[in-house]
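J.: After the structure tokens below, expect a handful of questions from me.
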Amino acid sequence: MKITVIGTGYVGLVSGTCLAEVGNDVLCLDVDAKKIAILQGGGIPIYEPGLEDMVKRNVTAGRLRFTTDIEAAVQHGAIQFIAVGTPPDEDGSADLQYVVAAARNIGKHMTDYKLVVDKSTVPVGTADKVRAALQEELERRAVKLEFSVASNPEFLKEGAAVEDFMRPDRIVIGTDNEHATQMMRTLYAPFQRNRERLITMDIRSAELTKYAANAMLATRISFMNELANLAEKLGADIENVRHGIGSDPRIGYHFLYPGCGYGGSCFPKDVQALRRTAGEYGAPMHVIDAVEVANDAQKHVLLDKIIARFGNDLQGKTFAVWGLAFKPNTDDMREAPSRVLMEGLWERGAKVAAHDPAAAHETRRIYGDHPQLQLVDNPMAALQGADALAIVTEWKVFRSPDFSAMKAALKTPLIFDGRNLYDPASMRAAGFEYLAIGRQ
Ligand code: NAI
């Protein structure tokens with residue numbers, strides 16, 4: 001099939017590449033000429049395990065191309081995926097300007113039937129807006145052309161995006177006609193594997209499903225974070241409690257890890273957008289309100305522990321930070337808890353020496369040459385002469401470090417662990433002061 005993907009970011013590039021991998025002819029469009037130039041030059045603009053090789057393979061095979069030419073992109077695909085960003089606007093609702101612009105471009109340039117698929121995370125009712133914008137452009141051109149709009153929210157996780165797209169748990173499709181459903185069925189047939197993964201439904205339910213999934217996951221995290229804070233005060237150990245409740249199959253072990261708050265490009269904005277929608281429709285979701293409040297507080301938990309230990313004036317202190325990306329295996333810094341920590345430390349006069357296996361260039365792009373930030377290219381280098389270490393992202397490489405070398409490098413053997421990577425008793429035995437989340 002001929003496919004166009006509009007928006008070549010994390011979702012667009014992964015989706016386009018994986019759809020090419022199974023034999024489709026894919027053209028990816030972006031308005032960011034720099035991004036397209038990198039891709040056309042054989043590079044990739046993001047860090048995502050397994051993606052670079054797959055992009056190269058499909059480009060070489062002639063199944064995957066990149067362009068900034070809107071008209072050519074619209075002409076190409078019978079299916080037009082919209083995978084542009086939907087950032088929060090000032091009031092927290094999803095800003096649909098990029099989605100609507102993409103829809104207008106399709107209306108301006110299409111010359112035959114198109115199935116337009118919203119892959120971006122969009123509020124309920126967006127398919128109607130896409131349909132209206134596209135129809136308006138067709139009327140402006142005074143042409144009569146058929147098209148359908150479908151919803152196909154994306155559930156891939158950054159850091160495992162290729163695997164998630166190639167081997168999905170489920171593929172959610174919202175349509176309002178059988179022809180569109182059949183096209184999506186055909187497109188996704190190679191991804192079904194041993195059982196039916198496609199779940200078809202009406203468009204509004206599909207749109208809501210994505211927010212429901214992210215809000216539910218964010219709720220689990222915030223619940224565990226608050227429980228961890230309580231456990232700490234009560235003299236209990238949240239890791240024991242986590243095992244105790246995770247063993248109940250109704251609860252399960254996934255997504256039960258307490259930490260220093262969730263970040264990323266999805267949970268924070270999707271929780272905000274769902275709150276907005278719920279308020280607008282007069283069905284407030286108090287649980288979701290609380291999730292957001294809890295997470296904002298949790299992003300400060302490491303800073304609060306540091307202040308409790310050192311006081312509010314941190315002049316002359318240096319803190320080593322391990323992990324900057326919002327989670328392991330990505331270079332994505334959007335809404336990362338590390339930013340709240342570093343900015344809080346800088347405000348109080350401290351310096352930061354940080355290491356992240358993938359996000360250094362993103363950090364430089366955001367903070368430039370910040371005078372209180374030193375980025376180093378290995379974990380041990382960050383520790384040299386630092387007053388303490390704060391662990392913010394649970395990259396695998398931090399799990400089994402050389403503790404005696406760490407002790408020798410740090411000015412004080414003090415670790416604030418925002419991801420509960422180590423055993424508190426062993427850390428004490430090794431001579432560390434070890435402050436984790438929800439543990440003694
Ligand atoms: P992104 O910011 O990485 O990529 C969006 C791209 O769209 C940018 O490269 C931008 O230049 C381009 N763009 C904007 N307007 C355009 C237009 N009119 N025509 C062509 N290109 C245009 O965003 P990301 O992370 O890929 O997210 C996209 C959508 O997918 C969002 O709605 C997000 O919530 C959703 N999503 C993201 C996931 C993730 O893990 N990043 C997972 C699941 C869904």
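Every chain in the structure tokens has a letter given in the order shown (A, B, ...), and although residue numbers restart at 1 in each chain, ligands are simply numbered from 1 in the order shown.
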Which residues of chain A come within 8 Å of ligand 1, and what is each one's closest atom pair and distance in Å (one decimal), counting only C-alpha atoms and all ligand atoms, sorted by chain and residue number, as CSV?
T.:
```
residue,atom,partner,partner_atom_place_in_ligand_line,distance
A:Ile6,CA,ligand 1,20 (C),4.8
A:Gly7,CA,ligand 1,7 (O),3.4
A:Thr8,CA,ligand 1,9 (O),4.8
A:Gly9,CA,ligand 1,4 (O),3.2
A:Tyr10,CA,ligand 1,26 (O),3.7
A:Val11,CA,ligand 1,26 (O),3.8
A:Gly12,CA,ligand 1,26 (O),5.6
A:Leu13,CA,ligand 1,26 (O),7.5
A:Leu29,CA,ligand 1,20 (C),5.4
A:Asp30,CA,ligand 1,21 (N),3.6
A:Val31,CA,ligand 1,21 (N),4.6
A:Asp32,CA,ligand 1,11 (O),4.6
A:Lys35,CA,ligand 1,9 (O),7.0
A:Thr68,CA,ligand 1,20 (C),7.7
A:Ile70,CA,ligand 1,19 (N),7.6
A:Ala83,CA,ligand 1,28 (C),5.0
A:Val84,CA,ligand 1,7 (O),3.6
A:Gly85,CA,ligand 1,28 (C),4.1
A:Thr86,CA,ligand 1,32 (O),4.3
A:Pro87,CA,ligand 1,32 (O),7.1
A:Tyr98,CA,ligand 1,15 (N),4.5
A:Val99,CA,ligand 1,18 (N),6.6
A:Val100,CA,ligand 1,18 (N),7.7
A:Ala101,CA,ligand 1,18 (N),5.0
A:Ala102,CA,ligand 1,18 (N),4.3
A:Asn105,CA,ligand 1,18 (N),7.5
A:Lys119,CA,ligand 1,30 (O),6.3
A:Ser120,CA,ligand 1,32 (O),3.6
A:Thr121,CA,ligand 1,32 (O),3.9
A:Val122,CA,ligand 1,32 (O),6.3
A:Pro153,CA,ligand 1,44 (C),6.8
A:Glu154,CA,ligand 1,43 (C),4.6
A:Phe155,CA,ligand 1,43 (C),5.0
A:Leu156,CA,ligand 1,42 (C),5.2
A:Lys157,CA,ligand 1,40 (O),5.1
A:Glu158,CA,ligand 1,40 (O),4.7
A:Ala161,CA,ligand 1,40 (O),7.6
A:Gly264,CA,ligand 1,40 (O),7.7
A:Ser265,CA,ligand 1,41 (N),5.8
A:Cys266,CA,ligand 1,34 (O),5.2
A:Lys269,CA,ligand 1,34 (O),7.7
A:Asp270,CA,ligand 1,34 (O),7.2
```
J.: Let me see the file: selected residues, N, CA and C atoms, as a compact mmCIF listing (two decimals), in the first residue's frame.
T.:
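Heads up, here's the output in again.txt:
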```
# COMPACT_ATOMS: atom_id res chain seq x y z
N ILE A 6 2.35 12.04 8.07
CA ILE A 6 2.54 13.49 8.23
C ILE A 6 3.03 13.75 9.65
N GLY A 7 4.26 14.28 9.76
CA GLY A 7 4.88 14.44 11.08
C GLY A 7 5.87 13.31 11.28
N THR A 8 7.17 13.63 11.22
CA THR A 8 8.18 12.57 11.29
C THR A 8 8.94 12.68 12.61
N GLY A 9 8.18 12.71 13.72
CA GLY A 9 8.78 12.72 15.06
C GLY A 9 8.92 11.30 15.57
N TYR A 10 8.87 11.11 16.87
CA TYR A 10 9.02 9.78 17.46
C TYR A 10 7.98 8.83 16.87
N VAL A 11 6.73 9.26 16.89
CA VAL A 11 5.66 8.36 16.45
C VAL A 11 5.65 8.20 14.93
N GLY A 12 5.76 9.33 14.21
CA GLY A 12 5.70 9.28 12.75
C GLY A 12 6.84 8.49 12.15
N LEU A 13 8.05 8.72 12.66
CA LEU A 13 9.21 8.03 12.08
C LEU A 13 9.16 6.53 12.38
N LEU A 29 6.49 12.93 5.72
CA LEU A 29 6.54 14.38 5.52
C LEU A 29 6.82 15.07 6.85
N ASP A 30 7.62 16.13 6.81
CA ASP A 30 7.72 16.98 8.00
C ASP A 30 7.94 18.41 7.54
N VAL A 31 7.45 19.35 8.35
CA VAL A 31 7.67 20.77 8.04
C VAL A 31 9.05 21.22 8.54
N ASP A 32 9.68 20.39 9.36
CA ASP A 32 11.00 20.71 9.91
C ASP A 32 12.06 20.26 8.89
N LYS A 35 15.15 18.29 10.14
CA LYS A 35 14.89 16.88 10.44
C LYS A 35 14.92 16.05 9.15
N THR A 68 9.82 17.29 2.42
CA THR A 68 9.14 18.47 2.98
C THR A 68 8.08 18.96 1.97
N ILE A 70 4.78 19.11 0.59
CA ILE A 70 3.44 18.75 1.07
C ILE A 70 2.60 18.15 -0.06
N ALA A 83 0.52 12.34 12.31
CA ALA A 83 1.30 11.98 13.52
C ALA A 83 2.07 13.20 14.01
N VAL A 84 1.44 14.35 13.91
CA VAL A 84 2.09 15.60 14.35
C VAL A 84 1.91 15.77 15.87
N GLY A 85 2.61 16.71 16.45
CA GLY A 85 2.53 16.92 17.89
C GLY A 85 1.19 17.54 18.31
N THR A 86 0.79 17.24 19.54
CA THR A 86 -0.42 17.85 20.12
C THR A 86 -0.08 18.36 21.51
N PRO A 87 0.80 19.38 21.58
CA PRO A 87 1.26 19.87 22.89
C PRO A 87 0.14 20.54 23.66
N TYR A 98 -1.61 21.88 14.80
CA TYR A 98 -0.80 21.12 13.82
C TYR A 98 -1.63 20.04 13.14
N VAL A 99 -2.55 19.45 13.92
CA VAL A 99 -3.43 18.42 13.36
C VAL A 99 -4.34 19.05 12.30
N VAL A 100 -4.90 20.20 12.64
CA VAL A 100 -5.82 20.86 11.70
C VAL A 100 -5.06 21.34 10.46
N ALA A 101 -3.83 21.85 10.66
CA ALA A 101 -3.02 22.29 9.51
C ALA A 101 -2.75 21.11 8.58
N ALA A 102 -2.46 19.95 9.17
CA ALA A 102 -2.19 18.76 8.35
C ALA A 102 -3.45 18.38 7.56
N ASN A 105 -3.95 20.72 4.68
CA ASN A 105 -3.03 20.42 3.57
C ASN A 105 -3.53 19.26 2.72
N LYS A 119 -3.31 9.58 14.13
CA LYS A 119 -2.46 8.74 14.99
C LYS A 119 -1.98 9.54 16.20
N SER A 120 -1.93 10.85 16.04
CA SER A 120 -1.59 11.70 17.19
C SER A 120 -2.61 11.44 18.29
N THR A 121 -2.21 11.73 19.53
CA THR A 121 -3.16 11.63 20.65
C THR A 121 -4.02 12.88 20.64
N VAL A 122 -5.31 12.70 20.38
CA VAL A 122 -6.18 13.86 20.19
C VAL A 122 -7.47 13.71 21.00
N PRO A 153 -5.13 5.51 17.59
CA PRO A 153 -4.16 5.99 18.57
C PRO A 153 -2.96 5.07 18.68
N GLU A 154 -1.83 5.65 19.00
CA GLU A 154 -0.58 4.88 19.05
C GLU A 154 -0.21 4.58 20.50
N PHE A 155 0.17 3.32 20.75
CA PHE A 155 0.51 2.92 22.12
C PHE A 155 1.99 2.60 22.29
N LEU A 156 2.82 2.91 21.29
CA LEU A 156 4.23 2.58 21.43
C LEU A 156 4.86 3.34 22.60
N LYS A 157 5.91 2.73 23.17
CA LYS A 157 6.63 3.37 24.27
C LYS A 157 8.00 3.79 23.75
N GLU A 158 8.38 5.03 23.99
CA GLU A 158 9.74 5.43 23.63
C GLU A 158 10.70 4.51 24.34
N ALA A 161 10.06 1.43 21.12
CA ALA A 161 9.04 1.83 20.15
C ALA A 161 8.94 0.88 18.96
N GLY A 264 8.00 13.00 30.41
CA GLY A 264 7.82 12.58 29.03
C GLY A 264 6.81 13.43 28.28
N SER A 265 6.67 13.09 27.02
CA SER A 265 5.83 13.93 26.16
C SER A 265 4.37 13.51 26.24
N CYS A 266 4.06 12.42 26.96
CA CYS A 266 2.69 11.89 26.90
C CYS A 266 1.91 12.00 28.21
N LYS A 269 0.95 15.63 29.56
CA LYS A 269 0.03 16.40 28.70
C LYS A 269 -1.30 15.68 28.52
N ASP A 270 -1.28 14.35 28.51
CA ASP A 270 -2.53 13.63 28.31
C ASP A 270 -3.40 13.68 29.57
```
J.: Just the residues within 12 Å of Gly259 of chain A, please, counting only C-alpha atoms, with nothing from its chain fewer than 4 positions along; format it as an MDAnalysis selection string.
T.: chainID A and resid 220:229 238:239 255 263 294:295 297:302 326:327 337:338 391:394 416:421 436:439
J.: Take the residues from that selection and write them out as a CSV table (one decimal), in the first residue's frame, keeping C-alpha atoms.
T.:
```
chain,number,residue,atom,x,y,z
A,220,ARG,CA,-0.9,3.8,39.2
A,221,ILE,CA,2.5,5.6,39.3
A,222,SER,CA,1.1,8.5,41.4
A,223,PHE,CA,-0.7,6.1,43.8
A,224,MET,CA,2.6,4.2,44.4
A,225,ASN,CA,4.5,7.5,44.8
A,226,GLU,CA,2.2,8.8,47.5
A,227,LEU,CA,2.2,5.4,49.2
A,228,ALA,CA,6.0,5.4,49.1
A,229,ASN,CA,6.1,8.8,50.8
A,238,ILE,CA,7.6,0.4,49.8
A,239,GLU,CA,9.5,-2.3,47.9
A,255,PHE,CA,3.8,0.0,36.6
A,263,GLY,CA,7.6,12.9,32.8
A,294,ALA,CA,0.7,14.3,43.2
A,295,ASN,CA,3.0,14.1,40.3
A,297,ALA,CA,4.9,17.3,44.1
A,298,GLN,CA,6.8,14.0,43.4
A,299,LYS,CA,9.0,15.7,40.8
A,300,HIS,CA,10.4,17.7,43.7
A,301,VAL,CA,11.0,14.8,46.0
A,302,LEU,CA,14.8,14.5,45.4
A,326,PHE,CA,12.6,11.1,31.4
A,327,LYS,CA,13.1,7.4,31.2
A,337,PRO,CA,12.0,15.1,36.5
A,338,SER,CA,15.8,15.7,36.1
A,391,ILE,CA,19.9,9.1,40.5
A,392,VAL,CA,17.0,10.3,38.4
A,393,THR,CA,16.7,7.8,35.5
A,394,GLU,CA,17.1,4.0,35.8
A,416,PHE,CA,19.7,10.2,46.7
A,417,ASP,CA,18.1,7.4,44.7
A,418,GLY,CA,15.0,8.5,42.8
A,419,ARG,CA,14.6,5.0,41.3
A,420,ASN,CA,15.3,2.6,44.1
A,421,LEU,CA,18.1,0.8,42.3
A,436,ALA,CA,15.7,6.2,48.4
A,437,ILE,CA,12.0,6.5,47.8
A,438,GLY,CA,9.7,5.0,50.4
A,439,ARG,CA,12.5,3.0,52.1
```
J.: In terms of the shortest atom-to-atom distance over only C-alpha atoms, which of A:Ala290, A:Leu234, A:Ala358, A:Ile415 is closest to Glu48 of chain A?
T.: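 Looking at the shortest contact to Glu48 of chain A, the residue is A:Ala358.
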J.: Could you tell me which of A:Val117, A:Met342, A:Arg364, A:Phe191 comes closest to Asp164 of chain A if we count only C-alpha atoms?
T.: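 That would be A:Phe191, the residue with the smallest distance to Asp164 of chain A.
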J.: What is the atom CA of Cys28 of chain A to atom CA of Lys129 of chain A distance in Å?
T.: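 Computing it gives 22.8 Å between the two atoms.
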J.: Which of segment 275-341 of chain A counts as strand (DSSP E) under DSSP, as JSON, numbers by chain please?
T.: {"A": [318, 319, 320, 321, 322]}
J.: How would the residues just chosen look if you wrote them out with C-alpha atoms as a PDB file, in the first residue's frame?
T.:
```pdb
ATOM      1  CA  THR A 318      28.165  20.181  43.533  1.00  0.00           C
ATOM      2  CA  PHE A 319      25.697  17.383  42.881  1.00  0.00           C
ATOM      3  CA  ALA A 320      26.318  14.488  40.534  1.00  0.00           C
ATOM      4  CA  VAL A 321      23.207  13.513  38.559  1.00  0.00           C
ATOM      5  CA  TRP A 322      22.865  10.118  36.881  1.00  0.00           C
TER       6      TRP A 322
END
```
J.: Between A:His370, A:Lys396, A:His355, A:Ala206, which has the minimum distance to Leu383 of chain A (counting only C-alpha atoms)?
T.: A:His355
J.: Closest to Arg104 of chain A among A:Gln192, A:Gln135, A:Ser205, A:Thr17, using only C-alpha atoms?
T.: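 Answer, going by the shortest atom-to-atom distance: A:Gln135.
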J.: Could you state the separation of atom CA of Pro123 of chain A and atom CA of Glu137 of chain A in Å, given to one decimal place?
T.: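 Going from atom CA of Pro123 of chain A over to atom CA of Glu137 of chain A, I get 22.2 Å.
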J.: Rounded to one decimal place, report the atom CA of Val143 of chain A-atom CA of Asp202 of chain A distance in Å.
T.: 28.1 Å
J.: Which neighbours of Thr4 of chain A fall inside 6 Å, counting only C-alpha atoms, when residues of the same chain fewer than 6 positions from it are skipped, and could you give them as a list in words?
T.: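 Answer for this query is Val26, Leu27, Cys28, Gly77 and Gln80 of chain A.
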J.: Please list as a list in words every residue within 12 Å of Ile44 of chain A, counting only C-alpha atoms and excluding residues in the same chain fewer than 3 positions away.
T.: Thr8, Gly9, Tyr10, Leu13, Val14, Thr17, Lys34, Lys35, Ile36, Ala37, Ile38, Leu39, Gln40, Gly41, Tyr47, Glu48, Pro49, Gly50, Leu51, Glu52, Asp53, Met54, Val55, Lys56, Val59 and Phe66 of chain A
J.: Hey, what's within 12 Å of Glu196 of chain A if we count only C-alpha atoms and toss same-chain stuff fewer than 6 positions away? As an NGL selection string, please?
T.: :A and (167-172 or 185 or 188-190)
J.: Selection from above, C-alpha atoms, as an mmCIF file, in the first residue's frame, can you write it?
T.:
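Done, and the output landed in again09.cif:
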```
data_model
loop_
_atom_site.group_PDB
_atom_site.id
_atom_site.type_symbol
_atom_site.label_atom_id
_atom_site.label_comp_id
_atom_site.auth_asym_id
_atom_site.auth_seq_id
_atom_site.Cartn_x
_atom_site.Cartn_y
_atom_site.Cartn_z
ATOM 1 C CA ARG A 167 4.605 -6.689 18.027
ATOM 2 C CA PRO A 168 1.684 -4.716 19.431
ATOM 3 C CA ASP A 169 -0.541 -5.896 22.289
ATOM 4 C CA ARG A 170 -3.459 -4.311 20.515
ATOM 5 C CA ILE A 171 -4.253 -2.059 17.594
ATOM 6 C CA VAL A 172 -7.195 0.226 18.242
ATOM 7 C CA ARG A 185 -7.437 -4.386 8.596
ATOM 8 C CA TYR A 188 -2.289 -4.088 9.962
ATOM 9 C CA ALA A 189 -2.619 -7.733 8.905
ATOM 10 C CA PRO A 190 1.181 -8.309 9.114
#
```
